[in-house]
Amino acid sequence: MTDLLIKLIPVFPLLAVILNGLVGKRYSHEVAHRLAWGSVGLSFLCTIGVFIDVLRTGTTHEVIAYQWIFGGDLTINLAYLVDPLTCIMLLVITGVGFLIHVYSVGYMHGEDGFTRFFTYMNLFMVSMLLLVMGNNYVVLFIGWEGVGLCSYLLIGYYYDKISAAKAASKAFVVNRIGDAGFLLAIFLIFINFKTLDYTKVFAQVSQLSPEMATAIALCLLVGAVGKSAQLPLYTWLPDAMEGPTPVSALIHAATMVTAGVYMIVRNHAIFDLSPTAMTIVGVIGGLTALFAATIGLVQTDIKRVLAYSTVSQLGYMFLGCGIGAYTAAVFHLMTHAFFKALLFLSAGSVIHALSGEQDIRKMGGLSAKIPWTYRLFLIGTVAIAGIPPLAGFWSKDEILAHAFTHEHYLLYVMAAIGALLTSFYMFRLTYLTFYGTSRMDHHTEEHVHESPMVMVGPLMALGVLSVLGGFLGFPPEHGWLHQFLAPVAGTGGEHDVSTGLVLALMMIATGIALIGWGVAHYFYSVNLSAPDRLAAKLQTVYTTLLNKYYVDELFDLLFVEPTKRLGLLLDWFDRTVIDGLVRAVAQMADLGAAGSTWMEKYVVYGGLNVIGYGNHLIARQWRQLQSGMVHHYAAIIVAGLFLLAAVIQLIMQL
Amino acid sequence: MLEELASTFPILTCILFLPVVGAVVLWLFDDEDMVRTSALTIALVEMALSVFVLLRFIPESAAMQFSEHVPWIPALGVSYHLAVDGISVLFVGLTAFLTVLIVIYSWDTVRHQVKLYMMALLALETTTMGIFLSIDLILFFVFWELMLIPSYFLIKLWGGGAERHYAALKYVLYTLLGSVFMLVGIALLDLNYHQWATLRHMEPTYSFDLLELLSVPIPLSQQILIFWLLFFGFAFKAPVFPFHTWLPDALLEGPIGMAVVLAGLKLGTFGFIRFSIPLLPEASKSQTVVTVLMALGLAAILYGAIMALIQPDFRRLLAFSSISHLGFVVIGLFALNYQGLQGSLLTMINLGFSTAGLFFIAGFLYSRQQSTQLSSFGGMAKQTPLLASFFLLIGLASIGLPGTNGFIGEFLILLGTFKANWLYGGIAVTGVIFGAAYFLWYYERSMLGPIGKAVKDSISDLHPREVIIASALSVMILWIGLYPAPFLKMMNGSVQALVDRLERGAVASIESKPQVKVD
């Protein structure tokens with residue numbers, strides 16, 4: 001029964017893709033969107049069924065759908081593995097996915113390509129489900145590149161906009177850099193274990209040498225860094241905001257970008273063997289958390305602020321993985337899915353209300369006009385800022401506390417500063433959007449309206465999850481989630497930490513969040529000229545942040561431009577040198593042949609100097625370039641026959 | 001691979017000669033529509049025969065099946081010997097499939113001398129079928145050479161470019177030059193057989209038959225010499241970098257139908273896996289051969305991909321992407337292990353759907369704008385959404401997206417290469433990134449963004465015939481990508497036999513004389 005449910009989970013959205021994709025134009029938008037969210041809803045129901053079974057029996061299910069690639073010593077099945085980690089991912093993906101699909105019905109209403117949008121969204125669900133459900137690395141990889149494709153399609157949803165088209169290609173290509181690393185990891189795993197199934201690999205993992213473990217872990221990390229937009233491969237994610245807002249919420253916040261975290265947690269047995277790789281994961285996470293937060297401070301596009309915040313929060317998850325706090329990382333992945341989806345969708349509601357405006361400098365004073373959106377956005381802000389008892393506090397604090405108690409002090413400091421910045425830029429965003437006086441133009445202001453129930457409803461559900469979601473991991477390190485995930489993610493090493501220290505760390509974390517809020521309040525509510533004066537005083541810092549540390553420009557300079565130049569150079573080389581050589585050989589033969597007819601006789605009748613003959617043939621053909629084609633035709637035939645005769649003669653003589 | 005299953009009905013002969021006989025029949029018609037309909041009928045019957053062979057083919061077997069063996073020039077040991085095994089059987093289906101699509105495509109895109117065009121096309125089908133079906137090397141060579149005649153005319157007479165005469169000639173001369181070397185190699189194989197046969201008093205004393213040549217040992221030095229002689233024949237035809245300069249010209253100047261055949265049927269690399277590797281296993285394994293071939297393959301992957309990145313003409317881009325893909329095939333072959341060989345074989349088939357498919361797309365573009373230059377396009381997705389969708393799907397297959405056929409081939413090749421030598425595998429993987437870059441970049445600039453200035457207002461989306469072509473290709477792409485089992489089963493037996501031969505060496509795997517069974 002459970003096995004059947006597992007098999008059905010990805011089938012529903014797949015059916016919706018096929019129907020909407022092939023015949024979606026034949027029926028109305030109503031049918032199309034019902035198919036879309038209905039299928040995800042059914043997947044969610046199946047997931048709950050599977051989840052209850054796993055919860056009750058504690059068994060891990062492995063289900064083979066069919067044999068996919070095989071031959072020799074390699075067999076790769078299209079098969080699923082459902083264990084507690086998969087369950088959590090499935091619940092987040094289908095649950096949050098369902099809410100976002102429902103929301104999209106309102107948000108995308110009246111858009112061209114409404115059906116196309118839902119087809120891509122459902123295709124994304126299928127890929128994402130395969131990604132977390134696969135029982136081997138190759139199925140994971142189908143999902144991995146599949147979500148990348150859907151990300152490409154959805155970023156480029158408004159494909160006639162050049163910026164959207166460019167952002168889409170960029171996302172795909174940057175992700176492919178990561179994918180190449182992932183492929184190498186898969187090959188290394190196959191060479192070492194002779195299999196690509198998780199259970200078989202992890203059963204033998206202790207035989208791995210530390211060097212090999214490091215190599216595999218680092219290759220996997222390259223893949224994870226690409227997909228989860230970590231340093232240095234994060235530049236595609238902010239650009240990905242070109243896609244419709246539900247896409248940003250589902251793909252570029254709640255699910256796809258967390259795939260890297262899932263992959264590391266899934267492979268923690270390999271990472272655990274390599275302290276080097278762990279350190280690198282932690283440092284990348286810490287740096288990204290901090291780095292992206294600083295950029296978030298000065299951005300003026302509501303979605304871009306959230307995008308940098310996503311990069312930063314993913315950094316926290318990586319940091320958690322790097323210090324062995326896998327459960328905390330998954331915990332943060334989950335709460336982040338709740339509050340970041342909430343924030344993006346509320347931002348979408350704002351954008352919807354303002355007829356497409358995304359620049360926070362042209363907002364302000366919206367709290368009274370769109371009260372529900374405002375309240376829910378505020379919940380999201382408080383949650384991400386890490387103010388108890390909302391969801392973000394518990395998960396983020398757990399990562400920070402783990403870093404402190406396991407003596408990763410540098411990472412702790414980085415994460416703490418990042419948290420301060422997070423609180424600041426999120427409240428900055430809230431204040432600029434909802435408080436103060438309106439900076440909208442008259443026309444926009446007249447049309448401000450609260451979003452319909454179909455959009456506000458999912459927001460409310462996410463709001464509840466953002467408030468209460470943290471209690472799944474309460475009390476810290478010993479919550480329900482920790483017990484549920486213990487069989488797959490480990491316990492993170494039992495550490496006797498005094499309750500006093502835990503409480504003190506919580507106080508510090510809360511204090512940090514409140515300071516961030518306070519500063520934002522001062523800057524954007526009390527002393528309104530302060531931000532400009534500060535920016536003027538720190539001109540260089542400000543412009544550097546505004547230009548995102550010029551990383552895009554640097555990559556262009558280092559990789560894109562040189563490759564293009566190399567291409568042009570090679571093109572010249574191909575036309576002039578290689579092809580030139582070919583022409584030269586032909587011309588030389590031409591000259592030679594014109595002067596010496598004896599060669600013809602020697603070649604044709606002697607039948608020995610085959611190479612000379614070939615050259616000669618070129619020459620003759622060359623001269624007769626303009627003459628009739630029958631001539632060439634005959635020449636070729638005759639030449640072939642002579643050649644054949646010559647060789648046969650040679651053989652007979654021997 | 002020495003086992004033979006003879007056929008009671010000469011179905012391979014039918015497949016081989018039906019198109020050329022059909023071509024003669026076409027001669028009788030004067031009405032152009034009649035010619036088109038008849039050509040399509042012939043191509044469809046050919047397709048049906050090929051499907052029949054595929055269905056009746058015994059999978060997971062290394063045997064030569066549907067074998068037909070008739071002496072031709074007994075004194076020289078030349079025979080008319082046709083058979084298919086796991087290496088070649090899928091190519092037969094692919095050839096028939098692509099010919100049908102080309103006929104459909106040419107329906108209204110070829111407007112002058114329709115009859116001659118269709119005749120040339122069908123003649124081309126016979127000669128390519130001959131290349132895939134021949135077990136006798138002389139027979140193979142004859143078809144290899146004969147193929148040039150229809151190809152030459154197709155490029156020269158129906159090509160769209162100003163340089164088509166030059167391109168046609170260049171193609172022919174390149175192949176001819178290569179085949180000179182190849183012929184010497186074939187002669188040496190025969191001589192070696194002759195020496196061995198005389199010594200052992202075996203009958204016949206001369207043979208060009210693959211199965212008989214496989215049953216005698218060849219000294220290593222001789223193997224290496226023959227390997228390089230055959231190499232030129234196959235490498236020029238494939239083409240393997242740096243012998244590729246005929247390809248961009250032929251693909252750009254020739255008609256789309258010819259481009260589909262040249263880019264879709266990988267005759268050169270087929271030669272390697274059909275003849276070079278099984279006949280000369282020790283040479284194929286030798287350090288120099290492996291190093292040179294790997295180096296050429298890797299160079300081709302990167303060179304082709306970087307070149308493709310900057311091409312403003314779509315057909316030239318495809319030519320270089322072809323060269324890059326052939327690089328993958330070459331490194332997979334010379335990884336000389338199961339996954340490498342299996343992946344290369346599958347990739348050769350795959351390219352018949354993806355690269356050839358992109359040439360059809362190029363044809364669709366050309367029909368609309370009379371050009372495949374980037375400057376003629378931009379923002380096409382708005383006006384031609386179906387075209388843009390199929391373009392994307394087939395393009396994604398060509399860059400190896402999981403779920404499409406391209407992924408499976410590429411994955412196996414990379415895995416095999418990595419197993420053989422991690423450094424080669426590591427370099428090859430970077431090709432995956434470049435592939436995405438060149439395809440998506442071109443796609444972005446031609447299909448996405450605001451509508452280009454040169455795009456005609458009257459531009460229309462795919463018409464039914466074009467939809468049939470694109471859908472047929474898409475079905476194959478997704479079928480092999482999602483459920484490749486039937487295809488893998490057909491090739492696995494022969495791939496295993498080839499791996500065994502490589503592992504145990506040529507001499508050790510000769511235990512018994514070839515057996516002939518009748519089914």
# chains A, B, ... in the order shown; residues from 1 in each chain; ligands from 1

$ interface_residues --of "chain B" --to "chain A" --cutoff "8 Å" --atoms "only C-alpha atoms" --output "PyMOL selection string"
chain B and resi 145+149+165-166+169+173+176-177+180-181+183-184+187+191+242+245+303+306-310+338-339+342+379+381-382+401-403+408+415+418-419+426+429-430+432-433+436-437+440-441+444+448-451+482-485+488+492+496

$ write_last_selection --atoms "C-alpha atoms" --output "PDB file, in the first residue's frame"
ATOM      1  CA  GLU B 145      32.611   4.755 -51.991  1.00  0.00           C
ATOM      2  CA  ILE B 149      27.981   9.756 -55.622  1.00  0.00           C
ATOM      3  CA  HIS B 165      30.276  23.176 -55.566  1.00  0.00           C
ATOM      4  CA  TYR B 166      33.380  23.656 -53.534  1.00  0.00           C
ATOM      5  CA  LEU B 169      34.065  18.472 -53.937  1.00  0.00           C
ATOM      6  CA  LEU B 173      37.954  14.370 -51.899  1.00  0.00           C
ATOM      7  CA  LEU B 176      38.322   9.503 -51.095  1.00  0.00           C
ATOM      8  CA  LEU B 177      41.690  10.356 -49.657  1.00  0.00           C
ATOM      9  CA  VAL B 180      42.710   5.127 -50.061  1.00  0.00           C
ATOM     10  CA  PHE B 181      44.383   4.458 -46.751  1.00  0.00           C
ATOM     11  CA  LEU B 183      41.675   0.198 -48.731  1.00  0.00           C
ATOM     12  CA  VAL B 184      45.321  -0.536 -48.126  1.00  0.00           C
ATOM     13  CA  ALA B 187      44.193  -5.387 -48.224  1.00  0.00           C
ATOM     14  CA  LEU B 191      47.006 -10.671 -46.683  1.00  0.00           C
ATOM     15  CA  PRO B 242      41.554  17.976 -37.000  1.00  0.00           C
ATOM     16  CA  THR B 245      37.065  21.158 -42.187  1.00  0.00           C
ATOM     17  CA  TYR B 303      37.475  22.818 -29.732  1.00  0.00           C
ATOM     18  CA  ILE B 306      34.233  26.708 -28.015  1.00  0.00           C
ATOM     19  CA  MET B 307      33.892  27.175 -31.757  1.00  0.00           C
ATOM     20  CA  ALA B 308      30.167  26.568 -31.522  1.00  0.00           C
ATOM     21  CA  LEU B 309      29.946  29.265 -28.878  1.00  0.00           C
ATOM     22  CA  ILE B 310      30.766  32.064 -31.263  1.00  0.00           C
ATOM     23  CA  TYR B 338      31.670  -1.562 -21.243  1.00  0.00           C
ATOM     24  CA  GLN B 339      30.171   1.798 -20.396  1.00  0.00           C
ATOM     25  CA  GLN B 342      27.856   1.154 -24.862  1.00  0.00           C
ATOM     26  CA  GLY B 379      12.174  36.705 -30.265  1.00  0.00           C
ATOM     27  CA  ALA B 381       9.058  32.253 -29.601  1.00  0.00           C
ATOM     28  CA  LYS B 382       6.322  34.849 -29.653  1.00  0.00           C
ATOM     29  CA  LEU B 401      19.619  16.803 -20.254  1.00  0.00           C
ATOM     30  CA  PRO B 402      18.493  13.884 -18.078  1.00  0.00           C
ATOM     31  CA  GLY B 403      15.167  12.529 -19.269  1.00  0.00           C
ATOM     32  CA  ILE B 408      22.142   8.375 -21.127  1.00  0.00           C
ATOM     33  CA  LEU B 415      31.522   7.193 -16.732  1.00  0.00           C
ATOM     34  CA  PHE B 418      36.433   8.271 -16.100  1.00  0.00           C
ATOM     35  CA  LYS B 419      36.850   4.579 -15.261  1.00  0.00           C
ATOM     36  CA  GLY B 426      37.594  15.094 -15.825  1.00  0.00           C
ATOM     37  CA  VAL B 429      33.092  16.712 -18.203  1.00  0.00           C
ATOM     38  CA  THR B 430      33.805  20.380 -18.880  1.00  0.00           C
ATOM     39  CA  VAL B 432      28.956  19.483 -20.541  1.00  0.00           C
ATOM     40  CA  ILE B 433      29.183  23.109 -19.421  1.00  0.00           C
ATOM     41  CA  ALA B 436      24.782  24.205 -22.318  1.00  0.00           C
ATOM     42  CA  ALA B 437      26.415  27.556 -22.985  1.00  0.00           C
ATOM     43  CA  LEU B 440      21.259  28.206 -24.706  1.00  0.00           C
ATOM     44  CA  TRP B 441      23.061  31.279 -25.883  1.00  0.00           C
ATOM     45  CA  GLU B 444      18.260  32.961 -26.245  1.00  0.00           C
ATOM     46  CA  LEU B 448      13.766  34.770 -26.825  1.00  0.00           C
ATOM     47  CA  GLY B 449      13.807  38.483 -26.172  1.00  0.00           C
ATOM     48  CA  PRO B 450      12.017  41.095 -28.250  1.00  0.00           C
ATOM     49  CA  ILE B 451      11.096  40.201 -31.813  1.00  0.00           C
ATOM     50  CA  LEU B 482      13.038   7.626 -20.142  1.00  0.00           C
ATOM     51  CA  TYR B 483      12.836   3.974 -21.060  1.00  0.00           C
ATOM     52  CA  PRO B 484      15.930   2.911 -22.989  1.00  0.00           C
ATOM     53  CA  ALA B 485      15.636  -0.763 -22.030  1.00  0.00           C
ATOM     54  CA  LEU B 488      20.091  -1.198 -24.505  1.00  0.00           C
ATOM     55  CA  ASN B 492      24.252  -5.172 -24.882  1.00  0.00           C
ATOM     56  CA  GLN B 496      29.668  -7.565 -24.004  1.00  0.00           C
TER      57      GLN B 496
END

$ residues_around --residues "Gly348 (chain A)" --least-positions-apart "4" --cutoff "10 Å" --atoms "only C-alpha atoms" --output "mmCIF file with N, CA and C atoms, in the first residue's frame"
data_model
loop_
_atom_site.group_PDB
_atom_site.id
_atom_site.type_symbol
_atom_site.label_atom_id
_atom_site.label_comp_id
_atom_site.auth_asym_id
_atom_site.auth_seq_id
_atom_site.Cartn_x
_atom_site.Cartn_y
_atom_site.Cartn_z
ATOM 1 N N TYR A 103 -2.005 29.836 -4.653
ATOM 2 C CA TYR A 103 -1.743 31.277 -4.711
ATOM 3 C C TYR A 103 -1.579 31.742 -6.162
ATOM 4 N N SER A 104 -0.865 30.912 -6.946
ATOM 5 C CA SER A 104 -0.581 31.287 -8.335
ATOM 6 C C SER A 104 -1.847 31.467 -9.166
ATOM 7 N N TYR A 107 -2.489 34.969 -8.589
ATOM 8 C CA TYR A 107 -1.413 35.854 -9.011
ATOM 9 C C TYR A 107 -1.260 35.886 -10.524
ATOM 10 N N PRO A 244 8.190 35.049 -12.473
ATOM 11 C CA PRO A 244 7.024 35.460 -11.679
ATOM 12 C C PRO A 244 7.262 35.154 -10.199
ATOM 13 N N THR A 245 6.629 35.921 -9.315
ATOM 14 C CA THR A 245 6.914 35.791 -7.894
ATOM 15 C C THR A 245 6.620 34.410 -7.296
ATOM 16 N N PRO A 246 5.549 33.726 -7.691
ATOM 17 C CA PRO A 246 5.356 32.377 -7.123
ATOM 18 C C PRO A 246 6.536 31.456 -7.432
ATOM 19 N N SER A 248 9.661 32.461 -7.690
ATOM 20 C CA SER A 248 10.710 32.822 -6.744
ATOM 21 C C SER A 248 10.442 32.163 -5.405
ATOM 22 N N ALA A 249 9.173 32.109 -5.010
ATOM 23 C CA ALA A 249 8.832 31.533 -3.718
ATOM 24 C C ALA A 249 9.064 30.026 -3.707
ATOM 25 N N ILE A 302 12.334 44.889 -4.035
ATOM 26 C CA ILE A 302 11.813 44.078 -2.920
ATOM 27 C C ILE A 302 12.174 42.609 -3.084
ATOM 28 N N LYS A 303 12.112 42.106 -4.338
ATOM 29 C CA LYS A 303 12.414 40.700 -4.540
ATOM 30 C C LYS A 303 13.903 40.413 -4.452
ATOM 31 N N LEU A 342 6.413 32.591 2.563
ATOM 32 C CA LEU A 342 5.486 33.619 3.044
ATOM 33 C C LEU A 342 5.938 35.010 2.600
ATOM 34 N N LEU A 343 7.228 35.280 2.799
ATOM 35 C CA LEU A 343 7.733 36.610 2.449
ATOM 36 C C LEU A 343 7.622 36.873 0.946
ATOM 37 N N PHE A 344 8.010 35.888 0.162
ATOM 38 C CA PHE A 344 7.953 36.094 -1.289
ATOM 39 C C PHE A 344 6.515 36.274 -1.763
ATOM 40 N N HIS A 352 1.492 42.843 -6.750
ATOM 41 C CA HIS A 352 0.180 42.702 -7.365
ATOM 42 C C HIS A 352 -0.662 43.953 -7.075
ATOM 43 N N ALA A 353 -0.628 44.388 -5.798
ATOM 44 C CA ALA A 353 -1.415 45.550 -5.393
ATOM 45 C C ALA A 353 -0.939 46.814 -6.089
ATOM 46 N N LEU A 354 0.378 46.884 -6.341
ATOM 47 C CA LEU A 354 0.948 48.094 -6.928
ATOM 48 C C LEU A 354 1.095 47.975 -8.443
ATOM 49 N N GLY A 356 2.574 45.878 -10.319
ATOM 50 C CA GLY A 356 3.863 45.469 -10.869
ATOM 51 C C GLY A 356 5.069 46.219 -10.342
ATOM 52 N N GLU A 357 4.867 47.194 -9.474
ATOM 53 C CA GLU A 357 6.007 47.958 -8.951
ATOM 54 C C GLU A 357 6.817 47.108 -7.971
ATOM 55 N N GLN A 358 8.149 47.085 -8.130
ATOM 56 C CA GLN A 358 8.989 46.296 -7.228
ATOM 57 C C GLN A 358 9.992 47.146 -6.468
ATOM 58 N N THR A 373 -1.875 41.549 3.877
ATOM 59 C CA THR A 373 -0.544 41.361 3.332
ATOM 60 C C THR A 373 0.496 41.903 4.303
ATOM 61 N N SER A 451 -5.176 41.687 -2.047
ATOM 62 C CA SER A 451 -5.275 40.570 -2.974
ATOM 63 C C SER A 451 -6.499 39.717 -2.662
ATOM 64 N N MET A 455 -5.288 34.233 -2.903
ATOM 65 C CA MET A 455 -3.882 34.529 -2.608
ATOM 66 C C MET A 455 -3.653 34.686 -1.115
#

$ select_by_dssp --residues "region 392-450 of chain A" --states "alpha helix (DSSP H)" --output "PyMOL selection string"
chain A and resi 392-405+409-434+442-446

$ residues_around --residues "Met89 (chain A)" --least-positions-apart "3" --cutoff "9 Å" --atoms "only C-alpha atoms" --output "PDB file with N, CA and C atoms, in the first residue's frame"
ATOM      1  N   PRO A  84      12.957   8.997   6.816  1.00  0.00           N
ATOM      2  CA  PRO A  84      12.508  10.232   7.461  1.00  0.00           C
ATOM      3  C   PRO A  84      12.976  11.514   6.755  1.00  0.00           C
ATOM      4  N   LEU A  85      14.215  11.521   6.269  1.00  0.00           N
ATOM      5  CA  LEU A  85      14.697  12.729   5.593  1.00  0.00           C
ATOM      6  C   LEU A  85      13.856  13.022   4.354  1.00  0.00           C
ATOM      7  N   THR A  86      13.626  11.951   3.547  1.00  0.00           N
ATOM      8  CA  THR A  86      12.778  12.126   2.364  1.00  0.00           C
ATOM      9  C   THR A  86      11.393  12.629   2.763  1.00  0.00           C
ATOM     10  N   VAL A  92       7.519  19.242   2.839  1.00  0.00           N
ATOM     11  CA  VAL A  92       7.782  20.645   2.513  1.00  0.00           C
ATOM     12  C   VAL A  92       7.444  20.907   1.048  1.00  0.00           C
ATOM     13  N   ILE A  93       7.910  20.008   0.170  1.00  0.00           N
ATOM     14  CA  ILE A  93       7.746  20.260  -1.271  1.00  0.00           C
ATOM     15  C   ILE A  93       6.277  20.219  -1.673  1.00  0.00           C
ATOM     16  N   THR A  94       5.586  19.147  -1.268  1.00  0.00           N
ATOM     17  CA  THR A  94       4.189  19.057  -1.707  1.00  0.00           C
ATOM     18  C   THR A  94       3.311  20.030  -0.925  1.00  0.00           C
ATOM     19  N   LEU A 129      10.424  16.157  -6.877  1.00  0.00           N
ATOM     20  CA  LEU A 129      10.066  14.933  -6.162  1.00  0.00           C
ATOM     21  C   LEU A 129      11.056  13.821  -6.484  1.00  0.00           C
ATOM     22  N   VAL A 132      14.336  14.286  -4.490  1.00  0.00           N
ATOM     23  CA  VAL A 132      14.417  13.869  -3.084  1.00  0.00           C
ATOM     24  C   VAL A 132      14.016  12.411  -2.880  1.00  0.00           C
ATOM     25  N   MET A 133      13.333  11.825  -3.877  1.00  0.00           N
ATOM     26  CA  MET A 133      12.854  10.456  -3.684  1.00  0.00           C
ATOM     27  C   MET A 133      13.782   9.402  -4.253  1.00  0.00           C
ATOM     28  N   THR A 255      12.219  25.390  -2.242  1.00  0.00           N
ATOM     29  CA  THR A 255      12.554  24.007  -2.565  1.00  0.00           C
ATOM     30  C   THR A 255      13.859  23.825  -3.339  1.00  0.00           C
ATOM     31  N   TYR A 262      19.956  19.311   1.003  1.00  0.00           N
ATOM     32  CA  TYR A 262      19.452  17.935   1.058  1.00  0.00           C
ATOM     33  C   TYR A 262      20.545  16.968   0.644  1.00  0.00           C
ATOM     34  N   VAL A 330      18.458  20.787   8.342  1.00  0.00           N
ATOM     35  CA  VAL A 330      17.168  20.413   7.765  1.00  0.00           C
ATOM     36  C   VAL A 330      16.044  21.203   8.431  1.00  0.00           C
ATOM     37  N   MET A 334      13.466  23.686   6.605  1.00  0.00           N
ATOM     38  CA  MET A 334      12.005  23.606   6.686  1.00  0.00           C
ATOM     39  C   MET A 334      11.398  24.950   7.096  1.00  0.00           C
TER      40      MET A 334
END

$ atom_distance --atom1 "CA of Asn421 (chain B)" --atom2 "CA of Ala335 (chain B)"
7.8 Å
